[in-house]
Amino acid sequence: MASGTSPGTPGGCSAQTWPMRTPITGQALRALAAALGAFVVIEVVSAAVLCVVAGWSWQEALEAFVVTNSAIGLSFGICGAILAWHRPGNPIGWLFAAGGIAQATSAFAAPLLIVLHEAGAAIPLQRLVLTIFSWSWPWSLGLFVPLALLLFPDGRPLSRGWRWVVIAVIITAPLFAMEMGAGPGAPDPSYPNGYLTIPFYDRLQPLWTFTELRGLAFLVLALVALFLRYRRGTETERRQLLWLLLAMLVALVATVPWGLVSGTPVAVLFTIPLIPLAVTVAIIRHQLLDIRLAVSRLLAWVLLSLAVVVAYVALVAVLDRFISAQVGRSAIATVVLVLLAAPVLPRLQRLVERAVYGDRNNPARVVSRISEQLATPDAGLLGVVAAIREALRLPYVAVEHEGTVLAADGEPPPKLHTWPLTYDGRPVGALQFGLRLGERRLSDADAQALSMLAAPVAAALRATLLTAELQASRERIIATQEEERHRLRRELHDGLGPTLTGIAFGADAAANLIATDPAQANDLLTTLRRDTRAALADVRRLVDDLRPRALDELGLVGALQQRANQLAWRADGEAVDVKLDVPAEMPQLPPAMEVATYRIATEALTNVVRHSKATKALVRLTVGDRLEVSITDNGPPNGRWSPGVGLVAMRERVAEFGGAFQAGPSASGGQVVASFPLP
C-alpha cells in the first residue's frame, strides 16, 4: 500500500502504535497478595514500636484497642494474603486483605497520634492521623466482612437475587463509616478534632439508628445465605460452611456479652480472628479434620451454657423472692444448676450428634427408614442408599454387584470403602461408601451401624437381582414363544402347505383323466397316496414338537423309560446304563409341567450321551410339595459347563413355572436338577 500502513488498523495507523492491554498474570497477583500481607505486618509491628515509644503498658494498649485491632488486622491481612495467593480469582481473599489493612491502620494510628501530640507536631498532621484512626476500621466491619460472608465460599452471590444484597452492602457501607468517623470530639480535650466531622452529628441520630439496623440486617442476611448454601450445597461445600459456622459460634458467644454486659473484658475480641482463620482453612484445607465433631461439641456446650444462664437467672429471681439474703441464695442456685446440668449434657450431646452424625448410634431407626423405602414401589435400591446416606450423614453411598454400581447417592470421594453384603451365607454384592472428610478410618459406631444395615440391604439387593433375572427370563420366554410361532408358520407354509396344494392339484388331474386315460390317473393316485402320507408325517412331527405323543400314549414315566432305552449307547459305541427312580404312584401333573419335565430329562440324557464319558446315568423323580427331576451321571469332571442352547432352554422351561434350576459338574459326575412348585 502506498501509505505503508497495515490493513485493518483504524485511521491507517500501524498496529504497533496502539497500546496493548495484557491481563494481570497469576504471578503478579501473588506478588500483590504478598505485598498486602507484608504491609499489614509492617503496620502491626510499627504500632507495637509506637506503643513502646509512647510508654504504654500492655493493659493501656489493650484498653485502647491497639492490641485487639492489631490481632484482628493481622489475622485478616495474612489470611487474606494466603487466600489471594492460592485463589486469586476468589474475591474473599482480597476483601480480607483490605479488611486487615483497615484494622491494622487503625491500630497504627492510635499510638502514632499520642506520639505526635506529645512531640508537639503540627495540628493538621494530628488531625489527619485522628481522621485516619476514626475512618479506617469501620470499613472492615461495614463493608469487607459482610461482603465476604455473602460471597463465601466460591466468591459468588447465592443467586441473581442476592446480587442486590451485595450491591446494597456496598452502597450503604459509607453510612457506617460516617457514623463511626464523622462524630466530633477527640480522645482528650487537649487533642484537636479530626477532619471529615459533622457539626450537626447529634441531629442525625435517626440516620445512625438506621445504620445500626442496617448492619444487623446484613448480618442476618449473611447467616440466611450461609444456611441456604448449606441446604443446597454439596458435601464439600457443607464442610466449608461448618468451619465458618464453628468460628462464628465462638465469636458470637464471646462478643455478644461484651456488647451487652458492662465489665466484659476487651480480650473477648480476640475470638474475631477465628473467622478469617476458619474461612482460610475452609477454602484451602477444609479436609484437615472432622469438623462435624468439633461443631457438635461446641453446639452442645453453647446450648447447655445458654440453658444454664437462663436457669440461673430464673433461680436467682425465685430465691430472691422467697428466701432471705442471709441464706446464701447464689450458692444454692449454683449447686442446683450443677445438679441439673450433669444429666442434661449427655442428652444434649446425643441430640447434637444426631443432627451432625445422623442415626449411626441408632441403627434400628435406619433399618426402619430402609423398610419404608422398600415399601415404596418406585424407591428401590436408590431409595435405600439415599436413606442410608441421609441417616448416617455420609458423603457417598452405593450398592454394587460384580463390579457394577446398581444404585448410588452423593458425590464419590477419591477413596471408597466397602462393606460386604451376604445373603443366605453367599456374597451378593457390597456396600460402597465414603468416609466423612477428615476421617481416616471407619469409626466403631459407624461399623456397628453398617453391620446391622448389611442384612436388610443384602435382602433388598437379592430381591432386586431376582426381579431383574425374572424380567430377563420372561423376556427370553416371550422371545422363544415368538420364535416357535415363526417356526410353526414356516413349517406349515413351506412344508405342509405346498404338499397339500400338490395333493389338491393331483386330485383334480386324476379326476379329469380317469375317463380318458385310466393308467395315467392311476399313477397320479399313487403319487397322491405318497404325498398324503408325507403330509401326515409332517403333521405328526409338528404335533410331537408341541407335545410328545409318547406322553399321551405311555404317560410321563413310560415316555421317560422309552427315551432312556433309546439313549442307551454313546456315540463311540460304549453302552450307557440308564435307570429310572420314580415314585410307586405318580400323581397327575399339569400337562405343561409334564412336557417341561420330559423335555428337561431327555435333553439332559442326550447331553450325557453326546458330551460325557459316563457309563451310568440316573433319572430320579421326587414328588412332595414340589416336583423335582434330577439327572446324574458318573462321567469324569470336565470343567465348568458353558451355557449352551440346551441348558438355556431347560432353565427357561423351569422359569416359566417359577421353579429352581441347577446344572454343572459335581463330585460324582454331571448333575442337572430342576424343581417345580406343585399347584
# chains A, B, ... in the order shown; residues from 1 in each chain; ligands from 1
call {"tool": "residues_around", "arguments": {"residues": "Ala430 in chain A", "least_positions_apart": "4", "cutoff": "7 Å", "atoms": "only C-alpha atoms", "output": "PyMOL selection string"}}
result
chain A and resi 399-401+418-421
call {"tool": "residues_around", "arguments": {"residues": "range 211-217 of chain A", "least_positions_apart": "3", "cutoff": "8 Å", "atoms": "only C-alpha atoms", "output": "PyMOL selection string"}}
result
chain A and resi 142+175-176+179+207-208+220-221
call {"tool": "residues_around", "arguments": {"residues": "Ser134 in chain A", "least_positions_apart": "5", "cutoff": "10 Å", "atoms": "only C-alpha atoms", "output": "list in words"}}
result
Ser106, Ala109, Ala110, Leu128, Val129, Ala177, Met178, Glu179, Met180, Gly181, Ala182, Gly183, Ala186, Gly194, Tyr195 and Leu196 of chain A
call {"tool": "select_by_dssp", "arguments": {"residues": "range 415-606 of chain A", "states": "strand (DSSP E or B)", "output": "list in words"}}
result
His417, Thr418, Trp419, Pro420, Leu421, Thr422, Tyr423, Arg426, Pro427, Val428, Gly429, Ala430, Leu431, Gln432, Phe433, Gly434, Trp569, Ala575, Asp577, Val578, Lys579, Leu580 and Asp581 of chain A
call {"tool": "write_last_selection", "arguments": {"atoms": "N, CA and C atoms", "output": "PDB file, in the first residue's frame"}}
result
ATOM      1  N   HIS A 417     -14.651 -46.996  50.528  1.00  0.00           N
ATOM      2  CA  HIS A 417     -14.571 -48.154  51.408  1.00  0.00           C
ATOM      3  C   HIS A 417     -15.755 -49.069  51.090  1.00  0.00           C
ATOM      4  N   THR A 418     -15.571 -50.347  51.334  1.00  0.00           N
ATOM      5  CA  THR A 418     -16.620 -51.320  51.018  1.00  0.00           C
ATOM      6  C   THR A 418     -16.983 -52.125  52.249  1.00  0.00           C
ATOM      7  N   TRP A 419     -18.238 -52.522  52.269  1.00  0.00           N
ATOM      8  CA  TRP A 419     -18.752 -53.398  53.316  1.00  0.00           C
ATOM      9  C   TRP A 419     -19.459 -54.556  52.611  1.00  0.00           C
ATOM     10  N   PRO A 420     -18.998 -55.813  52.828  1.00  0.00           N
ATOM     11  CA  PRO A 420     -19.578 -56.937  52.075  1.00  0.00           C
ATOM     12  C   PRO A 420     -21.034 -57.180  52.447  1.00  0.00           C
ATOM     13  N   LEU A 421     -21.808 -57.601  51.452  1.00  0.00           N
ATOM     14  CA  LEU A 421     -23.216 -57.944  51.634  1.00  0.00           C
ATOM     15  C   LEU A 421     -23.395 -59.427  51.317  1.00  0.00           C
ATOM     16  N   THR A 422     -23.934 -60.169  52.270  1.00  0.00           N
ATOM     17  CA  THR A 422     -24.141 -61.605  52.085  1.00  0.00           C
ATOM     18  C   THR A 422     -25.605 -61.934  52.335  1.00  0.00           C
ATOM     19  N   TYR A 423     -26.100 -62.910  51.556  1.00  0.00           N
ATOM     20  CA  TYR A 423     -27.477 -63.376  51.721  1.00  0.00           C
ATOM     21  C   TYR A 423     -27.465 -64.901  51.730  1.00  0.00           C
ATOM     22  N   ARG A 426     -24.100 -66.494  51.238  1.00  0.00           N
ATOM     23  CA  ARG A 426     -23.395 -66.303  49.978  1.00  0.00           C
ATOM     24  C   ARG A 426     -23.256 -64.816  49.694  1.00  0.00           C
ATOM     25  N   PRO A 427     -22.102 -64.382  49.164  1.00  0.00           N
ATOM     26  CA  PRO A 427     -21.938 -62.955  48.836  1.00  0.00           C
ATOM     27  C   PRO A 427     -22.821 -62.562  47.656  1.00  0.00           C
ATOM     28  N   VAL A 428     -23.487 -61.425  47.783  1.00  0.00           N
ATOM     29  CA  VAL A 428     -24.345 -60.928  46.708  1.00  0.00           C
ATOM     30  C   VAL A 428     -23.889 -59.569  46.190  1.00  0.00           C
ATOM     31  N   GLY A 429     -22.966 -58.929  46.879  1.00  0.00           N
ATOM     32  CA  GLY A 429     -22.507 -57.617  46.452  1.00  0.00           C
ATOM     33  C   GLY A 429     -21.773 -56.933  47.582  1.00  0.00           C
ATOM     34  N   ALA A 430     -21.715 -55.620  47.499  1.00  0.00           N
ATOM     35  CA  ALA A 430     -21.001 -54.840  48.517  1.00  0.00           C
ATOM     36  C   ALA A 430     -21.635 -53.460  48.612  1.00  0.00           C
ATOM     37  N   LEU A 431     -21.506 -52.889  49.795  1.00  0.00           N
ATOM     38  CA  LEU A 431     -21.961 -51.530  50.060  1.00  0.00           C
ATOM     39  C   LEU A 431     -20.738 -50.621  50.012  1.00  0.00           C
ATOM     40  N   GLN A 432     -20.703 -49.711  49.071  1.00  0.00           N
ATOM     41  CA  GLN A 432     -19.603 -48.761  48.950  1.00  0.00           C
ATOM     42  C   GLN A 432     -19.994 -47.450  49.624  1.00  0.00           C
ATOM     43  N   PHE A 433     -19.036 -46.838  50.296  1.00  0.00           N
ATOM     44  CA  PHE A 433     -19.328 -45.571  50.967  1.00  0.00           C
ATOM     45  C   PHE A 433     -18.031 -44.787  51.114  1.00  0.00           C
ATOM     46  N   GLY A 434     -18.196 -43.497  51.256  1.00  0.00           N
ATOM     47  CA  GLY A 434     -17.064 -42.618  51.508  1.00  0.00           C
ATOM     48  C   GLY A 434     -17.106 -42.112  52.938  1.00  0.00           C
ATOM     49  N   TRP A 569     -26.798 -95.931  24.270  1.00  0.00           N
ATOM     50  CA  TRP A 569     -25.469 -96.092  23.658  1.00  0.00           C
ATOM     51  C   TRP A 569     -24.876 -94.709  23.390  1.00  0.00           C
ATOM     52  N   ALA A 575     -21.772 -98.594  25.911  1.00  0.00           N
ATOM     53  CA  ALA A 575     -23.122 -98.647  26.463  1.00  0.00           C
ATOM     54  C   ALA A 575     -23.250 -97.710  27.656  1.00  0.00           C
ATOM     55  N   ASP A 577     -25.745 -97.278  30.951  1.00  0.00           N
ATOM     56  CA  ASP A 577     -26.791 -97.897  31.756  1.00  0.00           C
ATOM     57  C   ASP A 577     -27.666 -96.792  32.347  1.00  0.00           C
ATOM     58  N   VAL A 578     -28.835 -96.564  31.738  1.00  0.00           N
ATOM     59  CA  VAL A 578     -29.751 -95.510  32.175  1.00  0.00           C
ATOM     60  C   VAL A 578     -30.864 -96.143  32.998  1.00  0.00           C
ATOM     61  N   LYS A 579     -31.023 -95.672  34.218  1.00  0.00           N
ATOM     62  CA  LYS A 579     -32.053 -96.193  35.105  1.00  0.00           C
ATOM     63  C   LYS A 579     -32.978 -95.067  35.544  1.00  0.00           C
ATOM     64  N   LEU A 580     -34.188 -95.477  35.896  1.00  0.00           N
ATOM     65  CA  LEU A 580     -35.190 -94.535  36.393  1.00  0.00           C
ATOM     66  C   LEU A 580     -35.494 -94.834  37.848  1.00  0.00           C
ATOM     67  N   ASP A 581     -35.631 -93.770  38.636  1.00  0.00           N
ATOM     68  CA  ASP A 581     -36.045 -93.886  40.034  1.00  0.00           C
ATOM     69  C   ASP A 581     -37.247 -92.970  40.205  1.00  0.00           C
TER      70      ASP A 581
END
call {"tool": "closest_residue", "arguments": {"among": "A:Ser443, A:Gln103, A:Gln59, A:Thr499", "to": "Val40 in chain A", "atoms": "only C-alpha atoms"}}
result
A:Gln103
call {"tool": "closest_residue", "arguments": {"among": "A:Thr197, A:Ser140, A:Gln562, A:Thr527", "to": "Ala97 in chain A", "atoms": "only C-alpha atoms"}}
result
A:Ser140
